[in-house]
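Novice: This is the structure I want to talk about, given as structure tokens.
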Amino acid sequence: MKLPAVATAASFVCGVILGLSAPIADRATSGRFLTAVFASSCSLILAGIWLTHAHRIAFRAAASVLSWIALGGLSAAISAQPLPPDHVVVLADRAQINLHGPLRWRGKLKDEPARLPWGFGYEVELEGVENQGALLSTRGGMRLSFSPRPGDQVLPDLHAGNEIAVLAQAKRPQVFRDDGAFDRRAYLATQNIDLVATLRASELIERVSSTRRSPTALLARFRRRLREEIDTLFSASPQVAGVLRAMLLGDRSFLDREEATDFQKTGVFHVLVVAGLHVGALAAFLFWTGRKLRLSRLLTIILSLILLLAYVAVVEQRPPVLRAALMAAMFAIGTCFYRRLDLLNSAAIAALLLMIARPLTVRDSSFQLSFLAIGCIAGLALPWLARTTQPYVRAVRGWRDVTRDAAHEPRAAQFRIDLRATADWISARSPSGLARTTENALAGSLSLFFRAWELAILTVVLQVGMLPLMARNFHRITFAGPLVNLAAVTLTSALVPIGFLTLGIGMLFPALGRIAAMPLSWFTLALIHIVQWFANFHACRIEFLDRLCGCQPCFSFSRS
């Protein structure tokens, strides 16, 4: 089988979907269902082992597929088990705690207090709650926000890992039941946030105890230091600081609402979400740096993987980053054994590992969009490019060396001959001192054209392939997406490595960091202005159509 990992991952997904759709009414039924699925999985695996020894290929393949389907159903059934009885949601549903009034909550800070445009935010891992004079042990997560007012006392100095007590009225996240509306409650649940609350006064929160600094707490403090460094370097341009916070660290708290809407309208909001594009740009920069420093292949791979792992930890292990980091790690490990990995197989292995860890991620729109994008690139765009432009891209390399012509296919070899003939014709009509420069400019222009064409094809394929999911999940279709993405992806690929390099310089050498921040600010402003121009052009075009028709536009690009 050419793509065994793809078949395995697809079988596991089918099992997860079947497991999630199976009716499980209560714990007894759930136990019987799990037992049946587990027994079926064991039977199919044993049957597959027996058939392997029997050399019956067709039956062996069928048994393997059925085994993965059964394992997927088993993992989905395990993941869909009810919440524990001491979970805060269960306690609230059973009326064991009353969320209609303020309660004294106890817990541990999961992250450093976040500075927000309107105040501060806290992520609390709940451990207990005082209800009617009794302390109930509980678990779950709560997001606490505080907007200081004039005359308020100074907040206590809190850090990640501190045990705190807070008096606040908590509630479940608001949810709208309109068809197609964003389910904020489910989204926050994926981040282990079950309750939201507002702190009314700084005196209502206190530190109970301080714990020893753990690796998690140290990472949280480093993450906070990076955010503060961005604010310091770009204090004169809050707009640039807000965009860089989102692009580099995944913190969209300081992103202006109108800016975010412009990125959504033009179909490039993905550059503000730390995901595969950012990890890929960082990984490519690390490998390029290792090659330029003449490090050995093994040392380059080890250092790159360590830095990628640190990046995953800094951005709080977001699922899109984990997916991209897993694929980059498999690619790097494959190069150690001098193997060229198929992109579809690599993506399938990453998806399988993530689904084994969290089967319910199949329902996540981010998961679906990520692997749909990889499927469009690896299954459609790359095969087409390999048959069309890639031979010419390879032909431009070392085009002056006649001995390399035989290594290329006939059309590419003819292209090299024509390129040399054109270069000779141009150099014969150019000043003697500029002949070599003119030839290099010709080859460089062709190489740049082919790369731009490849990026344009990738962008168009991605936009067309992801259109159904984008319309279903976000109720938005943008026809300017391919053109805007062509510029946005190019700028983002440069912004990410330059951004982290600038942050590192700024933390070590503040004066030099302010100088290095200038080109980064220019690149960011260029991205913002390009997006704004296309967004305003889109709005003007809709307004023009409205006035021309004398009515509302016939086609709406978004639905609220």
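For the structure tokens, the naming scheme is as follows: chains receive sequential letters (A, B, ...) according to their order of presentation, residues are indexed from 1 within each chain, and ligands are indexed from 1 in presentation order.
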Contacts of A:Val461 at 10 Å or less, counting only C-alpha atoms, minus same-chain residues fewer than 3 places along, as a PyMOL selection string?

Specialist: chain A and resi 373+376-377+380-381+455-458+464-467+482

Novice: If you run DSSP over the backbone, which residues in stretch 73-211 of chain A end up strand (DSSP E or B)? Put them as a ChimeraX atom specification.

Specialist: /A:87,103-109,114-116,119-131,134-137,139,141-146,163-168,170-171,195-199,205-209

Novice: How many Å separate atom CA of A:Thr138 from atom CA of A:Ile97?

Specialist: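 So the two atoms, atom CA of A:Thr138 and atom CA of A:Ile97, lie 10.5 Å apart.
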
Novice: Determine the nearest neighbour of A:Leu135 from the options A:Arg514, A:Trp105, A:Leu486, A:His87, counting only C-alpha atoms.

Specialist: A:Trp105

Novice: Using only C-alpha atoms, which protein or nucleic acid residues come within 9 Å of A:Leu495? Drop anything in the same chain fewer than 3 positions from it, and give the result as a list in words.

Specialist: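 Selected residues are Leu244, Met247, Leu248, Ala281, Thr490, Leu491, Thr492, Ile498, Gly499, Phe500, Leu520, Phe523 and Thr524 of chain A.
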
Novice: Would you put the residues from that selection into a file with C-alpha atoms, as a PDB file, in the first residue's frame?

Specialist:
ATOM      1  CA  LEU A 244       2.726  40.485  16.682  1.00  0.00           C
ATOM      2  CA  MET A 247       1.186  36.016  15.242  1.00  0.00           C
ATOM      3  CA  LEU A 248       4.071  34.999  17.498  1.00  0.00           C
ATOM      4  CA  ALA A 281       8.382  29.051   8.790  1.00  0.00           C
ATOM      5  CA  THR A 490       4.987  35.530   2.072  1.00  0.00           C
ATOM      6  CA  LEU A 491       5.172  38.245   4.728  1.00  0.00           C
ATOM      7  CA  THR A 492       4.248  35.851   7.532  1.00  0.00           C
ATOM      8  CA  ILE A 498      12.504  37.643  12.277  1.00  0.00           C
ATOM      9  CA  GLY A 499      10.071  38.269  15.122  1.00  0.00           C
ATOM     10  CA  PHE A 500      11.559  35.642  17.436  1.00  0.00           C
ATOM     11  CA  LEU A 520       9.952  44.008  11.882  1.00  0.00           C
ATOM     12  CA  PHE A 523       6.925  44.289   7.638  1.00  0.00           C
ATOM     13  CA  THR A 524       4.008  44.141  10.071  1.00  0.00           C
TER      14      THR A 524
END

Novice: Neighbours of A:Gly121 within 6 Å (only C-alpha atoms; same-chain residues fewer than 3 positions away dropped), as a PyMOL selection string?

Specialist: chain A and resi 113-114+144-145

Novice: Please produce an output containing N, CA and C atoms for each residue in the selection, written as a PDB file, in the first residue's frame.

Specialist:
ATOM      1  N   PRO A 113      -0.946  35.970  35.498  1.00  0.00           N
ATOM      2  CA  PRO A 113      -2.030  36.913  35.238  1.00  0.00           C
ATOM      3  C   PRO A 113      -1.804  37.636  33.916  1.00  0.00           C
ATOM      4  N   ALA A 114      -2.821  37.618  33.059  1.00  0.00           N
ATOM      5  CA  ALA A 114      -2.703  38.212  31.728  1.00  0.00           C
ATOM      6  C   ALA A 114      -3.164  39.658  31.762  1.00  0.00           C
ATOM      7  N   LEU A 144     -11.294  34.162  35.222  1.00  0.00           N
ATOM      8  CA  LEU A 144     -11.646  35.294  36.064  1.00  0.00           C
ATOM      9  C   LEU A 144     -11.106  36.573  35.426  1.00  0.00           C
ATOM     10  N   SER A 145     -11.932  37.592  35.329  1.00  0.00           N
ATOM     11  CA  SER A 145     -11.498  38.864  34.759  1.00  0.00           C
ATOM     12  C   SER A 145     -11.725  39.990  35.767  1.00  0.00           C
TER      13      SER A 145
END

Novice: Tell me, as a ChimeraX atom specification, which residues lie within 12 Å of A:Leu353, counting only C-alpha atoms; anything in the same chain fewer than 2 positions away does not count.

Specialist: /A:5,8-9,12-13,72,319,322-323,326-327,330,346-351,355-359,361

Novice: Please extract the residues of stretch 252-411 of chain A with a backbone DSSP assignment of helix (DSSP H, G or I) and present them as a PyMOL selection string.

Specialist: chain A and resi 257-265+269-272+276-292+297-314+319-336+343-357+359-363+365-387+390-396+402-407+410-411

Novice: Determine, counting only C-alpha atoms, which protein, DNA and RNA residues have an atom within 12 Å of an atom of A:Leu299; residues of the same chain fewer than 2 positions away are not included. Present the result as a list in words.

Specialist: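 Listing them by chain and then by number gives Leu286, Phe287, Thr289, Gly290, Arg291, Leu293, Arg294, Leu295, Ser296, Arg297, Ile301, Ile302, Leu303, Ser304, Leu305, Ile306, Ala332, Ile333 and Cys336 of chain A.
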
Novice: Next, write the just-selected residues to a file, as an mmCIF file, in the first residue's frame, keeping C-alpha atoms as the atom set.

Specialist:
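Output contents, as saved in selection27.cif:
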data_model
loop_
_atom_site.group_PDB
_atom_site.id
_atom_site.type_symbol
_atom_site.label_atom_id
_atom_site.label_comp_id
_atom_site.auth_asym_id
_atom_site.auth_seq_id
_atom_site.Cartn_x
_atom_site.Cartn_y
_atom_site.Cartn_z
ATOM 1 C CA LEU A 286 16.148 26.786 11.971
ATOM 2 C CA PHE A 287 17.234 24.235 9.364
ATOM 3 C CA THR A 289 20.494 28.534 9.990
ATOM 4 C CA GLY A 290 22.038 25.166 10.863
ATOM 5 C CA ARG A 291 23.120 24.676 7.259
ATOM 6 C CA LEU A 293 26.510 27.609 10.293
ATOM 7 C CA ARG A 294 27.855 24.342 8.785
ATOM 8 C CA LEU A 295 26.499 22.229 11.621
ATOM 9 C CA SER A 296 26.223 18.501 11.131
ATOM 10 C CA ARG A 297 22.898 17.091 10.009
ATOM 11 C CA ILE A 301 18.026 18.258 13.697
ATOM 12 C CA ILE A 302 18.514 17.948 17.472
ATOM 13 C CA LEU A 303 18.759 21.722 18.016
ATOM 14 C CA SER A 304 15.800 22.394 15.717
ATOM 15 C CA LEU A 305 13.618 19.844 17.513
ATOM 16 C CA ILE A 306 14.577 21.261 20.928
ATOM 17 C CA ALA A 332 13.466 15.726 10.651
ATOM 18 C CA ILE A 333 13.725 12.181 11.995
ATOM 19 C CA CYS A 336 18.325 11.141 9.827
#

Novice: With distances taken over only C-alpha atoms, which of A:Ala511, A:Ala80, A:Ala435, A:Ala386 is nearest to A:Ser21?

Specialist: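 Looking at the shortest contact to A:Ser21, the residue is A:Ala80.
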
Novice: So which residues touch stretch 527-535 of chain A within 10 Å, counting only C-alpha atoms, skipping near sequence neighbours fewer than 2 positions away, as JSON, numbers by chain?

Specialist: {"A": [239, 240, 243, 258, 259, 261, 262, 263, 264, 265, 266, 267, 268, 269, 480, 481, 483, 484, 485, 487, 488, 489, 490, 491, 492, 495, 521, 522, 523, 524, 525, 537, 538, 539, 540, 541]}

Novice: Determine the nearest neighbour of A:Phe120 from the options A:Val396, A:Ala283, A:Leu255, A:Leu199, counting only C-alpha atoms.

Specialist: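 Looking only at the distances to A:Phe120, the closest residue turns out to be A:Leu199.
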
Novice: Find the residue from A:Arg94, A:Arg227, A:Arg397, A:Lys292 that sits nearest to A:Arg115; use only C-alpha atoms when measuring.

Specialist: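 Smallest separation from A:Arg115 among the options: A:Arg227.
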
Novice: So, counting only C-alpha atoms, which residue among A:Ala170, A:Leu282, A:Met518, A:Leu307 is closest to A:Asn98?

Specialist: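 Between A:Ala170, A:Leu282, A:Met518, A:Leu307, the residue approaching A:Asn98 most closely is A:Ala170.
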